[in-house]
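To start, the structure itself, in C-alpha cells.
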Amino acid sequence: MKNREISTVLYEISSLLEIDQENPFRIRAYTRAAQTLENLTEDVESLAQKDALTQLPGVGKGIAEKIKEFCSTGKMAEYEHLKQKYSSGILEMMQISGMGPKRTRILFQKLKIDSVEKLKEAAQKGWLKDLEGFGAKIEENILKGISLKDQFSKRMLLDEALRISQEIVKTLSQQCRSLEKIVPAGSLRRWKETVGDLDFLTVSEKPEEVIHAFTHRKEVKRVLAEGSTKASVLLDRGVQCDLRVVPKESFGAALQYFTGSKEHNVALRELALKKGLTINEYGLYHNDDKKKSVAGKTEEEIYKKLGLEFVPPELRENRGEIEAAQTKKLPKLIEEKDIRGDFHNHTKLSDGTHSLEEMAQKAKEKGWEWFVSADHSQSLKVARGLDPETLWKKKKEIEILNQKWNNFNVLLGSEVDILSDGTMDYADDILKEIDFVVASVHTGFSQGEEKLTERIVKAMGNPYVDIVGHLTGRLLGSREPYPIQLQRILDAAAKTQTAMEINGQPQRLDLYDSYAQSAKGLGVPIVLTTDAHSTSQLDYMTYAVATARRAWLRKEDILNCLSLKEILDWKNSGVSIL
DNA sequence: GCCGTTTTCGGCCCGACTGTTTTCAGTCG
C-alpha cells in the first residue's frame with residue numbers, strides 16, 4: 001500500500017507551496033487530498049489502475065494525474081522540482097514552533113538557511129533579529145522552539161492524556177471559585193488514538209482568576225501565551241495545554257469549535273455559509289445580522305440549526321459524518337454499558353499480575369455477565385505461556401469459580417501463538433477444549449507481507465480459532481504495523497466468520513478505527529478486548545469502546561454485547577448472527 | 001487545484017495572541 005507514502009508527498013508539496021507563496025487555495029487542495037489518502041483503507045494503486053481516483057473527495061484531475069505518475073514511476077515531477085528549489089531540510093524548519101512559511105522563506109532567501117542546524121546557529125549568532133519583521137524576541141522564541149522541538153513532536157497515549165487532564169480538571173475546580181464549568185475538548189474528547197496537546201474549555205465570570213491559576217500551576221515549565229480569554233502552557237513533561245474561558249451563552253459553540261477536528265469544523269463552516277450562516281466559537285449567526293446569535297448555548301442546537309443530526313465527538317473527522325448527519329444516517333454508536341464481557345486478558349499464570357479469581361472478581365464488579373480468561377500459549381516463553389498441564393489446572397479452577405457465583409460465568413480462553421508456518425501453538429485436540437481461542441502473531445514480524453498474510457489466513461482456516469488478536473501488531477510510538485494484505489485477510493475472516501479484535505491497550509488500539517470500519521463493512525464480526533495484564537487494566541475496555549465508536553460501530557456489530565448463550569451459539573454454529 | 005441545492009466560473013473558514021510595528025503581519029489552533 002502506497003497510501004501513506006503518497007499522502008506524505010502531498011503534505012510536503014503543500015508545505016513547500018506555502019513557502020513558494022502559491023495560491024492559498026491550491027495549497028489547501030493538496031492538504032485535502034493528502035488527508036483523504038491518509039484515511040483511505042482501499043489501496044490507492046488499485047484505484048489508480050481502475051481510473052477511479054477522482055471519485056475520492058479532494059482529488060480532481062490534476063492531483064489524480066500526479067498520483068498515477070507516482071504509482072508508475074515512483075516520483076512526482078512537481079515534488080522533485082520543489083525539493084530541488086528549496087532543499088528538504090526546510091520542511092523541518094517549519095516544524096519549529098514560531099516558524100511558519102513566511103519566516104522560513106525570508107530566512108532561506110536572505111540568509112540561505114535551509115536546515116534546523118543552520119537556523120540554530122544563525123539565531124545563536126544573533127543574525128535574525130536585524131531582519132525586517134524579526135526582532136530579539138522572535139529570535140529568542142525560535143531558539144526556545146528548537147530546544148523544545150522533540151518534546152513538542154511527541155504525542156501522548158490516551159491513558160496518559162486522560163490522567164493529566166483529569167488532574168488539571170480536579171485541581172482547577174478546587175482552586176477557582178469562579179469556575180462554573182471545565183471540560184476537556186480537542187482530540188482527547190474525540191478519543192483519538194494519540195493526543196498531541198490538551199485543550200480545556202471553561203466558563204467563568206472571572207476569566208483572569210482561571211487564567212492565572214492555570215498558568216501558575218507548579219508543573220508549568222513555560223507560558224507560551226497568556227491573554228484575557230486564552231492561555232497556553234507547556235508542562236514539564238513536554239505536554240502543551242491550552243485553556244479558553246468563554247461566556248456561558250457561547251459554551252456550546254466553543255465546545256463544538258475546540259473539540260474539532262479542524263477538518264470537521266472547516267466542513268461545518270462551509271455548510272453554514274451555504275445556508276447564509278456564519279459559525280465561530282461564540283455562536284451561529286445570520287450573515288446579514290452578525291449581532292444576533294441563532295445558537296450557541298449547546299452543541300446540540302448548533303448541529304440542529306445547521307440541519308444536522310447531533311454528531312458524536314468520535315465521528316468528527318470529516319470522513320463522511322456530515323453527509324450522514326444531513327440524511328439522518330448516523331449510526332447509534334456502541335456505549336460502554338452495552339458491554340457484557342471480555343475475551344482477552346491475562347492472569348499471573350502467564351505474564352499478568354493478578355490471579356484468575358482476582359481478575360474475574362473485578363470483571364464481575366464491572367457489571368459484566370461473562371469473562372473469558374485467555375493466557376498465553378506454551379511457545380511464548382518470555383510471557384510464561386501455559387503448557388497443556390497448566391491449562392487443564394486452570395480449567396478445573398474455572399469450574400470451581402463457576403459453582404461459587406450466580407449470574408456470572410468464567411470461560412477458558414487462550415491467546416494462542418500463530419507459529420511461523422501458520423499452524424497453531426496447541427494441537428487441535430487441545431484447542432477444541434478451549435472455549436474461545438484468540439490467535440495472535442508475536443514472533444517473526446519480518447517475514448514479509450506475503451508470508452505474514454498467508455500465515456494469518458491459514459490460522460483463520462483452523463476451525464477452533466475464533467478471534468484474531470491485534471492484527472497489525474503496531475505499538476504506538478515504538479513499532480510500526482507489520483506489512484499485511486488487509487483486504488485478503490478481512491475477506492478470509494468474513495468467509496470463515498473469524499472475529500477481529502479491537503485491542504484496548506492504549507499503545508495498541510489494534511485494529512484501529514479505519515481498519516475496524518472496513519472489517520465491519522465486509523461482514524467480519526468484531527470483538528472488543530482489554531488484553532488486561534492486571535485488574536485495573538480491565539478498564540481499558542473504555543479505550544476499545546472509544547475506538548469502536550470512532551469506527552462507526554453499533555452494539556449490533558460487536559460480539560461483546562451478546563449474552564453468554566448467544567456467544568456460545570455463535571462459537572458453535574460458526575454462522576453470522578450479527 | 002477542487003467543486004457545484006444561486007454549477008463549468010468564481011468562489012474557497014475564523015478568531016486570539018505575540019511581536020513588530022504605529023495599524024498590522026505572522027503564527028497557531
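Residues in the C-alpha cells are numbered from 1 in each chain, the chains being A, B, ... in the order shown, and ligands are numbered from 1 in the order shown.
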Could you give me the residues within region 364-513 of chain A that DSSP places in helix (DSSP H, G or I), as a PDB file with N, CA and C atoms, in the first residue's frame?
```pdb
ATOM      1  N   LYS A 364     -16.621  -9.015  37.371  1.00  0.00           N
ATOM      2  CA  LYS A 364     -17.961  -9.114  37.933  1.00  0.00           C
ATOM      3  C   LYS A 364     -18.389  -7.756  38.492  1.00  0.00           C
ATOM      4  N   GLU A 365     -17.451  -7.097  39.191  1.00  0.00           N
ATOM      5  CA  GLU A 365     -17.748  -5.779  39.757  1.00  0.00           C
ATOM      6  C   GLU A 365     -18.031  -4.742  38.676  1.00  0.00           C
ATOM      7  N   LYS A 381       7.671 -18.232  25.540  1.00  0.00           N
ATOM      8  CA  LYS A 381       8.363 -18.451  26.814  1.00  0.00           C
ATOM      9  C   LYS A 381       8.547 -17.145  27.586  1.00  0.00           C
ATOM     10  N   VAL A 382       8.827 -16.044  26.888  1.00  0.00           N
ATOM     11  CA  VAL A 382       9.057 -14.770  27.594  1.00  0.00           C
ATOM     12  C   VAL A 382       7.853 -14.372  28.430  1.00  0.00           C
ATOM     13  N   ALA A 383       6.674 -14.823  28.010  1.00  0.00           N
ATOM     14  CA  ALA A 383       5.459 -14.455  28.743  1.00  0.00           C
ATOM     15  C   ALA A 383       4.955 -15.628  29.584  1.00  0.00           C
ATOM     16  N   PRO A 388       0.100 -27.543  28.367  1.00  0.00           N
ATOM     17  CA  PRO A 388      -1.241 -28.135  28.465  1.00  0.00           C
ATOM     18  C   PRO A 388      -1.633 -28.494  29.897  1.00  0.00           C
ATOM     19  N   GLU A 389      -0.685 -28.980  30.664  1.00  0.00           N
ATOM     20  CA  GLU A 389      -0.995 -29.390  32.041  1.00  0.00           C
ATOM     21  C   GLU A 389      -1.531 -28.215  32.863  1.00  0.00           C
ATOM     22  N   THR A 390      -0.859 -27.054  32.757  1.00  0.00           N
ATOM     23  CA  THR A 390      -1.313 -25.857  33.479  1.00  0.00           C
ATOM     24  C   THR A 390      -2.676 -25.408  32.962  1.00  0.00           C
ATOM     25  N   LEU A 391      -2.863 -25.572  31.662  1.00  0.00           N
ATOM     26  CA  LEU A 391      -4.140 -25.204  31.053  1.00  0.00           C
ATOM     27  C   LEU A 391      -5.280 -26.017  31.671  1.00  0.00           C
ATOM     28  N   TRP A 392      -5.057 -27.333  31.885  1.00  0.00           N
ATOM     29  CA  TRP A 392      -6.117 -28.177  32.472  1.00  0.00           C
ATOM     30  C   TRP A 392      -6.356 -27.822  33.933  1.00  0.00           C
ATOM     31  N   LYS A 393      -5.290 -27.437  34.628  1.00  0.00           N
ATOM     32  CA  LYS A 393      -5.446 -26.976  36.015  1.00  0.00           C
ATOM     33  C   LYS A 393      -6.323 -25.732  36.053  1.00  0.00           C
ATOM     34  N   LYS A 394      -6.075 -24.862  35.102  1.00  0.00           N
ATOM     35  CA  LYS A 394      -6.849 -23.616  35.039  1.00  0.00           C
ATOM     36  C   LYS A 394      -8.314 -23.927  34.758  1.00  0.00           C
ATOM     37  N   LYS A 395      -8.546 -24.923  33.905  1.00  0.00           N
ATOM     38  CA  LYS A 395      -9.922 -25.298  33.561  1.00  0.00           C
ATOM     39  C   LYS A 395     -10.665 -25.757  34.813  1.00  0.00           C
ATOM     40  N   LYS A 396      -9.990 -26.548  35.656  1.00  0.00           N
ATOM     41  CA  LYS A 396     -10.576 -27.001  36.925  1.00  0.00           C
ATOM     42  C   LYS A 396     -10.916 -25.809  37.818  1.00  0.00           C
ATOM     43  N   GLU A 397      -9.939 -24.891  37.911  1.00  0.00           N
ATOM     44  CA  GLU A 397     -10.125 -23.707  38.751  1.00  0.00           C
ATOM     45  C   GLU A 397     -11.358 -22.914  38.315  1.00  0.00           C
ATOM     46  N   ILE A 398     -11.551 -22.845  36.987  1.00  0.00           N
ATOM     47  CA  ILE A 398     -12.706 -22.132  36.439  1.00  0.00           C
ATOM     48  C   ILE A 398     -14.012 -22.817  36.849  1.00  0.00           C
ATOM     49  N   GLU A 399     -14.011 -24.144  36.802  1.00  0.00           N
ATOM     50  CA  GLU A 399     -15.224 -24.882  37.196  1.00  0.00           C
ATOM     51  C   GLU A 399     -15.608 -24.586  38.639  1.00  0.00           C
ATOM     52  N   ILE A 400     -14.588 -24.515  39.504  1.00  0.00           N
ATOM     53  CA  ILE A 400     -14.848 -24.223  40.927  1.00  0.00           C
ATOM     54  C   ILE A 400     -15.430 -22.815  41.091  1.00  0.00           C
ATOM     55  N   LEU A 401     -14.820 -21.854  40.375  1.00  0.00           N
ATOM     56  CA  LEU A 401     -15.311 -20.468  40.452  1.00  0.00           C
ATOM     57  C   LEU A 401     -16.759 -20.381  39.992  1.00  0.00           C
ATOM     58  N   ASN A 402     -17.086 -21.097  38.944  1.00  0.00           N
ATOM     59  CA  ASN A 402     -18.435 -21.015  38.386  1.00  0.00           C
ATOM     60  C   ASN A 402     -19.495 -21.605  39.325  1.00  0.00           C
ATOM     61  N   GLN A 403     -19.049 -22.538  40.179  1.00  0.00           N
ATOM     62  CA  GLN A 403     -20.001 -23.064  41.163  1.00  0.00           C
ATOM     63  C   GLN A 403     -20.281 -22.041  42.257  1.00  0.00           C
ATOM     64  N   LYS A 404     -19.307 -21.187  42.489  1.00  0.00           N
ATOM     65  CA  LYS A 404     -19.382 -20.216  43.572  1.00  0.00           C
ATOM     66  C   LYS A 404     -20.292 -19.035  43.216  1.00  0.00           C
ATOM     67  N   ASP A 428      -4.836 -29.479  17.733  1.00  0.00           N
ATOM     68  CA  ASP A 428      -6.292 -29.326  17.642  1.00  0.00           C
ATOM     69  C   ASP A 428      -7.039 -29.966  18.810  1.00  0.00           C
ATOM     70  N   ASP A 429      -6.527 -31.130  19.307  1.00  0.00           N
ATOM     71  CA  ASP A 429      -7.274 -31.786  20.387  1.00  0.00           C
ATOM     72  C   ASP A 429      -7.217 -30.977  21.682  1.00  0.00           C
ATOM     73  N   ILE A 430      -6.228 -30.092  21.801  1.00  0.00           N
ATOM     74  CA  ILE A 430      -6.206 -29.175  22.953  1.00  0.00           C
ATOM     75  C   ILE A 430      -7.099 -27.965  22.654  1.00  0.00           C
ATOM     76  N   LEU A 431      -6.942 -27.410  21.454  1.00  0.00           N
ATOM     77  CA  LEU A 431      -7.723 -26.216  21.076  1.00  0.00           C
ATOM     78  C   LEU A 431      -9.221 -26.451  21.259  1.00  0.00           C
ATOM     79  N   PHE A 445       8.017 -11.060  12.778  1.00  0.00           N
ATOM     80  CA  PHE A 445       7.356  -9.924  12.124  1.00  0.00           C
ATOM     81  C   PHE A 445       7.980  -9.581  10.779  1.00  0.00           C
ATOM     82  N   SER A 446       9.213 -10.044  10.569  1.00  0.00           N
ATOM     83  CA  SER A 446       9.937  -9.589   9.374  1.00  0.00           C
ATOM     84  C   SER A 446       9.821 -10.567   8.211  1.00  0.00           C
ATOM     85  N   GLN A 447       8.838 -11.461   8.283  1.00  0.00           N
ATOM     86  CA  GLN A 447       8.678 -12.453   7.209  1.00  0.00           C
ATOM     87  C   GLN A 447       8.311 -11.849   5.871  1.00  0.00           C
ATOM     88  N   GLU A 449       5.272  -9.246   3.672  1.00  0.00           N
ATOM     89  CA  GLU A 449       3.831  -9.100   3.534  1.00  0.00           C
ATOM     90  C   GLU A 449       3.130 -10.388   3.105  1.00  0.00           C
ATOM     91  N   GLU A 450       3.677 -11.043   2.074  1.00  0.00           N
ATOM     92  CA  GLU A 450       3.033 -12.226   1.512  1.00  0.00           C
ATOM     93  C   GLU A 450       2.954 -13.361   2.541  1.00  0.00           C
ATOM     94  N   LYS A 451       4.094 -13.641   3.162  1.00  0.00           N
ATOM     95  CA  LYS A 451       4.170 -14.750   4.123  1.00  0.00           C
ATOM     96  C   LYS A 451       3.312 -14.499   5.346  1.00  0.00           C
ATOM     97  N   LEU A 452       3.400 -13.261   5.886  1.00  0.00           N
ATOM     98  CA  LEU A 452       2.615 -12.927   7.071  1.00  0.00           C
ATOM     99  C   LEU A 452       1.122 -13.049   6.797  1.00  0.00           C
ATOM    100  N   THR A 453       0.725 -12.571   5.610  1.00  0.00           N
ATOM    101  CA  THR A 453      -0.680 -12.644   5.239  1.00  0.00           C
ATOM    102  C   THR A 453      -1.140 -14.094   5.154  1.00  0.00           C
ATOM    103  N   GLU A 454      -0.353 -14.917   4.480  1.00  0.00           N
ATOM    104  CA  GLU A 454      -0.701 -16.330   4.324  1.00  0.00           C
ATOM    105  C   GLU A 454      -0.780 -17.036   5.673  1.00  0.00           C
ATOM    106  N   ARG A 455       0.152 -16.650   6.535  1.00  0.00           N
ATOM    107  CA  ARG A 455       0.225 -17.252   7.870  1.00  0.00           C
ATOM    108  C   ARG A 455      -1.072 -16.967   8.649  1.00  0.00           C
ATOM    109  N   ILE A 456      -1.538 -15.747   8.585  1.00  0.00           N
ATOM    110  CA  ILE A 456      -2.747 -15.379   9.331  1.00  0.00           C
ATOM    111  C   ILE A 456      -3.993 -15.999   8.696  1.00  0.00           C
ATOM    112  N   VAL A 457      -4.026 -16.001   7.356  1.00  0.00           N
ATOM    113  CA  VAL A 457      -5.174 -16.601   6.663  1.00  0.00           C
ATOM    114  C   VAL A 457      -5.252 -18.100   6.987  1.00  0.00           C
ATOM    115  N   LYS A 458      -4.092 -18.749   7.035  1.00  0.00           N
ATOM    116  CA  LYS A 458      -4.067 -20.184   7.350  1.00  0.00           C
ATOM    117  C   LYS A 458      -4.599 -20.428   8.764  1.00  0.00           C
ATOM    118  N   ALA A 459      -4.174 -19.571   9.710  1.00  0.00           N
ATOM    119  CA  ALA A 459      -4.643 -19.724  11.094  1.00  0.00           C
ATOM    120  C   ALA A 459      -6.163 -19.594  11.169  1.00  0.00           C
ATOM    121  N   MET A 460      -6.711 -18.658  10.394  1.00  0.00           N
ATOM    122  CA  MET A 460      -8.170 -18.460  10.417  1.00  0.00           C
ATOM    123  C   MET A 460      -8.914 -19.660   9.865  1.00  0.00           C
ATOM    124  N   GLY A 461      -8.205 -20.439   9.044  1.00  0.00           N
ATOM    125  CA  GLY A 461      -8.817 -21.639   8.487  1.00  0.00           C
ATOM    126  C   GLY A 461      -8.949 -22.759   9.520  1.00  0.00           C
ATOM    127  N   LEU A 486      -4.372  -6.375   3.945  1.00  0.00           N
ATOM    128  CA  LEU A 486      -5.562  -6.236   4.773  1.00  0.00           C
ATOM    129  C   LEU A 486      -6.802  -6.825   4.113  1.00  0.00           C
ATOM    130  N   GLN A 487      -6.989  -6.459   2.850  1.00  0.00           N
ATOM    131  CA  GLN A 487      -8.190  -6.885   2.134  1.00  0.00           C
ATOM    132  C   GLN A 487      -8.316  -8.407   2.132  1.00  0.00           C
ATOM    133  N   ARG A 488      -7.200  -9.078   1.832  1.00  0.00           N
ATOM    134  CA  ARG A 488      -7.207 -10.542   1.746  1.00  0.00           C
ATOM    135  C   ARG A 488      -7.554 -11.160   3.099  1.00  0.00           C
ATOM    136  N   ILE A 489      -6.989 -10.588   4.147  1.00  0.00           N
ATOM    137  CA  ILE A 489      -7.245 -11.118   5.485  1.00  0.00           C
ATOM    138  C   ILE A 489      -8.706 -10.905   5.893  1.00  0.00           C
ATOM    139  N   LEU A 490      -9.224  -9.706   5.623  1.00  0.00           N
ATOM    140  CA  LEU A 490     -10.607  -9.421   6.014  1.00  0.00           C
ATOM    141  C   LEU A 490     -11.591 -10.271   5.210  1.00  0.00           C
ATOM    142  N   ASP A 491     -11.300 -10.480   3.935  1.00  0.00           N
ATOM    143  CA  ASP A 491     -12.157 -11.348   3.125  1.00  0.00           C
ATOM    144  C   ASP A 491     -12.195 -12.760   3.715  1.00  0.00           C
ATOM    145  N   ALA A 492     -11.009 -13.249   4.084  1.00  0.00           N
ATOM    146  CA  ALA A 492     -10.935 -14.592   4.672  1.00  0.00           C
ATOM    147  C   ALA A 492     -11.663 -14.640   6.012  1.00  0.00           C
ATOM    148  N   ALA A 493     -11.558 -13.570   6.774  1.00  0.00           N
ATOM    149  CA  ALA A 493     -12.223 -13.519   8.083  1.00  0.00           C
ATOM    150  C   ALA A 493     -13.741 -13.559   7.907  1.00  0.00           C
ATOM    151  N   ALA A 494     -14.228 -12.846   6.898  1.00  0.00           N
ATOM    152  CA  ALA A 494     -15.670 -12.830   6.655  1.00  0.00           C
ATOM    153  C   ALA A 494     -16.133 -14.231   6.254  1.00  0.00           C
ATOM    154  N   LYS A 495     -15.334 -14.897   5.418  1.00  0.00           N
ATOM    155  CA  LYS A 495     -15.695 -16.218   4.922  1.00  0.00           C
ATOM    156  C   LYS A 495     -15.709 -17.253   6.038  1.00  0.00           C
ATOM    157  N   THR A 496     -14.680 -17.218   6.895  1.00  0.00           N
ATOM    158  CA  THR A 496     -14.596 -18.211   7.978  1.00  0.00           C
ATOM    159  C   THR A 496     -15.331 -17.735   9.232  1.00  0.00           C
ATOM    160  N   ASP A 513      -9.288   2.561  14.104  1.00  0.00           N
ATOM    161  CA  ASP A 513     -10.622   2.940  13.629  1.00  0.00           C
ATOM    162  C   ASP A 513     -10.943   2.622  12.167  1.00  0.00           C
TER     163      ASP A 513
END
```
Extract, using only C-alpha atoms (C1' of nucleotides), all DNA, RNA and protein residues at most 12 Å from DG11 (chain B), discarding same-chain residues fewer than 5 positions from it, and format them as a PDB file with N, CA, C and O atoms (P, O5', C5', C4', C3', O3' and C1' of nucleotides), in the first residue's frame.
```pdb
ATOM      1  N   PHE A  25      -5.392  28.550  -2.046  1.00  0.00           N
ATOM      2  CA  PHE A  25      -6.420  27.535  -2.286  1.00  0.00           C
ATOM      3  C   PHE A  25      -5.834  26.312  -2.977  1.00  0.00           C
ATOM      4  O   PHE A  25      -6.285  25.191  -2.781  1.00  0.00           O
ATOM      5  N   GLU A 270     -18.247  25.616   6.072  1.00  0.00           N
ATOM      6  CA  GLU A 270     -18.609  25.729   4.657  1.00  0.00           C
ATOM      7  C   GLU A 270     -20.093  25.451   4.468  1.00  0.00           C
ATOM      8  O   GLU A 270     -20.779  26.143   3.721  1.00  0.00           O
ATOM      9  N   LEU A 273     -22.067  28.460   5.629  1.00  0.00           N
ATOM     10  CA  LEU A 273     -22.042  29.543   4.629  1.00  0.00           C
ATOM     11  C   LEU A 273     -23.089  29.329   3.548  1.00  0.00           C
ATOM     12  O   LEU A 273     -23.750  30.266   3.114  1.00  0.00           O
ATOM     13  N   LYS A 274     -23.237  28.081   3.114  1.00  0.00           N
ATOM     14  CA  LYS A 274     -24.219  27.773   2.073  1.00  0.00           C
ATOM     15  C   LYS A 274     -25.627  28.082   2.544  1.00  0.00           C
ATOM     16  O   LYS A 274     -26.527  28.317   1.748  1.00  0.00           O
TER      17      LYS A 274
ATOM     18  P    DC B   2      -7.341  18.803  -8.597  1.00  0.00           P
ATOM     19  O5'  DC B   2      -8.564  19.285  -7.695  1.00  0.00           O
ATOM     20  C5'  DC B   2      -8.480  19.158  -6.288  1.00  0.00           C
ATOM     21  C4'  DC B   2      -9.798  19.554  -5.671  1.00  0.00           C
ATOM     22  C3'  DC B   2     -11.015  18.941  -6.355  1.00  0.00           C
ATOM     23  O3'  DC B   2     -11.903  18.463  -5.360  1.00  0.00           O
ATOM     24  C1'  DC B   2     -11.192  21.317  -6.357  1.00  0.00           C
ATOM     25  P    DC B   3     -13.100  17.514  -5.842  1.00  0.00           P
ATOM     26  O5'  DC B   3     -14.373  18.465  -5.712  1.00  0.00           O
ATOM     27  C5'  DC B   3     -14.499  19.380  -4.635  1.00  0.00           C
ATOM     28  C4'  DC B   3     -15.627  20.330  -4.967  1.00  0.00           C
ATOM     29  C3'  DC B   3     -16.716  19.685  -5.831  1.00  0.00           C
ATOM     30  O3'  DC B   3     -17.955  19.763  -5.141  1.00  0.00           O
ATOM     31  C1'  DC B   3     -16.009  21.770  -6.754  1.00  0.00           C
ATOM     32  P    DG B   4     -19.147  18.837  -5.613  1.00  0.00           P
ATOM     33  O5'  DG B   4     -20.293  19.908  -5.848  1.00  0.00           O
ATOM     34  C5'  DG B   4     -20.531  20.948  -4.907  1.00  0.00           C
ATOM     35  C4'  DG B   4     -21.472  21.936  -5.550  1.00  0.00           C
ATOM     36  C3'  DG B   4     -22.620  21.270  -6.311  1.00  0.00           C
ATOM     37  O3'  DG B   4     -23.864  21.858  -5.954  1.00  0.00           O
ATOM     38  C1'  DG B   4     -21.272  22.598  -7.803  1.00  0.00           C
TER      39       DG B   4
END
```
May I have a table of the residues of chain B lying at most 7 Å from chain A, giving each one's closest pair of atoms and their distance in Å to one decimal, counting only C-alpha atoms (C1' of nucleotides), ordered by chain and ascending residue number, as CSV?
```
residue,atom,partner,partner_atom,distance
B:DG1,C1',A:Arg26,CA,4.8
B:DC2,C1',A:Gly58,CA,6.1
B:DC12,C1',A:Phe25,CA,6.6
B:DC13,C1',A:Val266,CA,5.6
B:DC14,C1',A:Asn280,CA,6.2
B:DC17,C1',A:Ala225,CA,6.6
B:DT20,C1',A:Gly133,CA,6.1
B:DT27,C1',A:Gly98,CA,6.2
```
Residues of region 163-290 of chain A in strand (DSSP E or B) according to DSSP, as a ChimeraX atom specification? /A:179-184,194-195,197-204,220-226,230-235,240-246,277-280,283-286,289-290
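Among the candidate residues A:Leu148, A:Leu315, A:Val233, A:Leu37, the one lying nearest to Trp191 (chain A) is A:Leu315, with distances computed using only C-alpha atoms.
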Excluding same-chain residues fewer than 4 positions from Ser379 (chain A), what lies within 10 Å of it counting only C-alpha atoms (C1' of nucleotides), as a PDB file with C-alpha atoms, in the first residue's frame?
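The result, stored in result-v7.pdb:
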```
ATOM      1  CA  ALA A 383       5.459 -14.455  28.743  1.00  0.00           C
ATOM      2  CA  ARG A 384       5.463 -17.816  30.585  1.00  0.00           C
ATOM      3  CA  GLY A 385       2.976 -19.340  28.163  1.00  0.00           C
ATOM      4  CA  LEU A 386       0.896 -22.186  29.609  1.00  0.00           C
ATOM      5  CA  ASP A 387       1.771 -25.822  28.884  1.00  0.00           C
ATOM      6  CA  VAL A 416      -2.541 -18.914  21.130  1.00  0.00           C
ATOM      7  CA  ASP A 417       0.514 -18.044  19.062  1.00  0.00           C
ATOM      8  CA  ILE A 418       0.264 -18.351  15.309  1.00  0.00           C
ATOM      9  CA  LEU A 419       3.554 -20.126  14.580  1.00  0.00           C
ATOM     10  CA  ASP A 425       0.848 -23.385  19.100  1.00  0.00           C
ATOM     11  CA  TYR A 426      -1.503 -26.051  20.570  1.00  0.00           C
TER      12      TYR A 426
END
```
Who sits within 12 Å of Lys83 (chain A), only C-alpha atoms (C1' of nucleotides), same chain under 6 positions skipped, as a PDB file with N, CA and C atoms, in the first residue's frame:
```pdb
ATOM      1  N   VAL A   9       3.939  12.733   0.599  1.00  0.00           N
ATOM      2  CA  VAL A   9       4.435  13.560  -0.501  1.00  0.00           C
ATOM      3  C   VAL A   9       3.494  14.752  -0.740  1.00  0.00           C
ATOM      4  N   GLU A  12       3.882  17.334   1.887  1.00  0.00           N
ATOM      5  CA  GLU A  12       5.127  18.087   1.734  1.00  0.00           C
ATOM      6  C   GLU A  12       5.037  19.069   0.572  1.00  0.00           C
ATOM      7  N   ILE A  13       4.374  18.653  -0.506  1.00  0.00           N
ATOM      8  CA  ILE A  13       4.165  19.589  -1.615  1.00  0.00           C
ATOM      9  C   ILE A  13       3.413  20.807  -1.102  1.00  0.00           C
ATOM     10  N   SER A  14       2.363  20.551  -0.318  1.00  0.00           N
ATOM     11  CA  SER A  14       1.554  21.643   0.195  1.00  0.00           C
ATOM     12  C   SER A  14       2.385  22.612   1.046  1.00  0.00           C
ATOM     13  N   SER A  15       3.260  22.076   1.901  1.00  0.00           N
ATOM     14  CA  SER A  15       4.118  22.942   2.721  1.00  0.00           C
ATOM     15  C   SER A  15       5.092  23.733   1.865  1.00  0.00           C
ATOM     16  N   LEU A  16       5.677  23.045   0.876  1.00  0.00           N
ATOM     17  CA  LEU A  16       6.645  23.737   0.012  1.00  0.00           C
ATOM     18  C   LEU A  16       5.957  24.813  -0.820  1.00  0.00           C
ATOM     19  N   LEU A  17       4.724  24.558  -1.239  1.00  0.00           N
ATOM     20  CA  LEU A  17       3.987  25.575  -1.997  1.00  0.00           C
ATOM     21  C   LEU A  17       3.686  26.795  -1.119  1.00  0.00           C
ATOM     22  N   ILE A  19       5.679  27.944   1.228  1.00  0.00           N
ATOM     23  CA  ILE A  19       6.924  28.722   1.223  1.00  0.00           C
ATOM     24  C   ILE A  19       7.076  29.436  -0.121  1.00  0.00           C
ATOM     25  N   ASP A  20       6.616  28.792  -1.162  1.00  0.00           N
ATOM     26  CA  ASP A  20       6.714  29.329  -2.520  1.00  0.00           C
ATOM     27  C   ASP A  20       5.678  30.428  -2.767  1.00  0.00           C
ATOM     28  N   LYS A  75       7.979   8.599  -8.621  1.00  0.00           N
ATOM     29  CA  LYS A  75       8.346  10.008  -8.430  1.00  0.00           C
ATOM     30  C   LYS A  75       7.215  10.926  -8.846  1.00  0.00           C
ATOM     31  N   MET A  76       7.280  12.166  -8.376  1.00  0.00           N
ATOM     32  CA  MET A  76       6.304  13.168  -8.791  1.00  0.00           C
ATOM     33  C   MET A  76       7.101  14.392  -9.207  1.00  0.00           C
ATOM     34  N   ALA A  77       6.983  14.783 -10.475  1.00  0.00           N
ATOM     35  CA  ALA A  77       7.842  15.851 -11.018  1.00  0.00           C
ATOM     36  C   ALA A  77       7.713  17.138 -10.197  1.00  0.00           C
ATOM     37  N   GLY A  89      15.457  20.075   3.921  1.00  0.00           N
ATOM     38  CA  GLY A  89      15.624  20.441   5.333  1.00  0.00           C
ATOM     39  C   GLY A  89      14.715  21.568   5.757  1.00  0.00           C
ATOM     40  N   ILE A  90      14.236  22.285   4.758  1.00  0.00           N
ATOM     41  CA  ILE A  90      13.405  23.449   5.036  1.00  0.00           C
ATOM     42  C   ILE A  90      12.057  23.047   5.649  1.00  0.00           C
ATOM     43  N   LEU A  91      11.611  21.828   5.320  1.00  0.00           N
ATOM     44  CA  LEU A  91      10.342  21.356   5.881  1.00  0.00           C
ATOM     45  C   LEU A  91      10.457  21.166   7.389  1.00  0.00           C
ATOM     46  N   ASP A 114      18.683  26.611   5.347  1.00  0.00           N
ATOM     47  CA  ASP A 114      17.806  25.565   4.819  1.00  0.00           C
ATOM     48  C   ASP A 114      17.789  24.320   5.695  1.00  0.00           C
TER      49      ASP A 114
END
```
Smallest atom-to-atom distance to DG19 (chain B): which of A:Lys2, A:Lys129, A:Arg508, A:Arg189, using only C-alpha atoms (C1' of nucleotides)?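 With only C-alpha atoms (C1' of nucleotides) as the atom set, the closest residue is A:Lys129.
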Would you mind reading off the distance between CA of Thr498 (chain A) and CA of Pro463 (chain A), one decimal, in Å? 9.3 Å
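Coordinates place CA of Ser563 (chain A) at a distance of 18.7 Å from CA of Met500 (chain A).
Atom pair CA of Phe310 (chain A) / CA of Pro247 (chain A): separated by 22.3 Å.
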Neighbour list for Pro207 (chain A) as number ranges by chain, cut-off 9 Å, only C-alpha atoms (C1' of nucleotides), skip fewer than 5 positions in-chain: A: 178-179, 202, 212, 228-230, 244-246
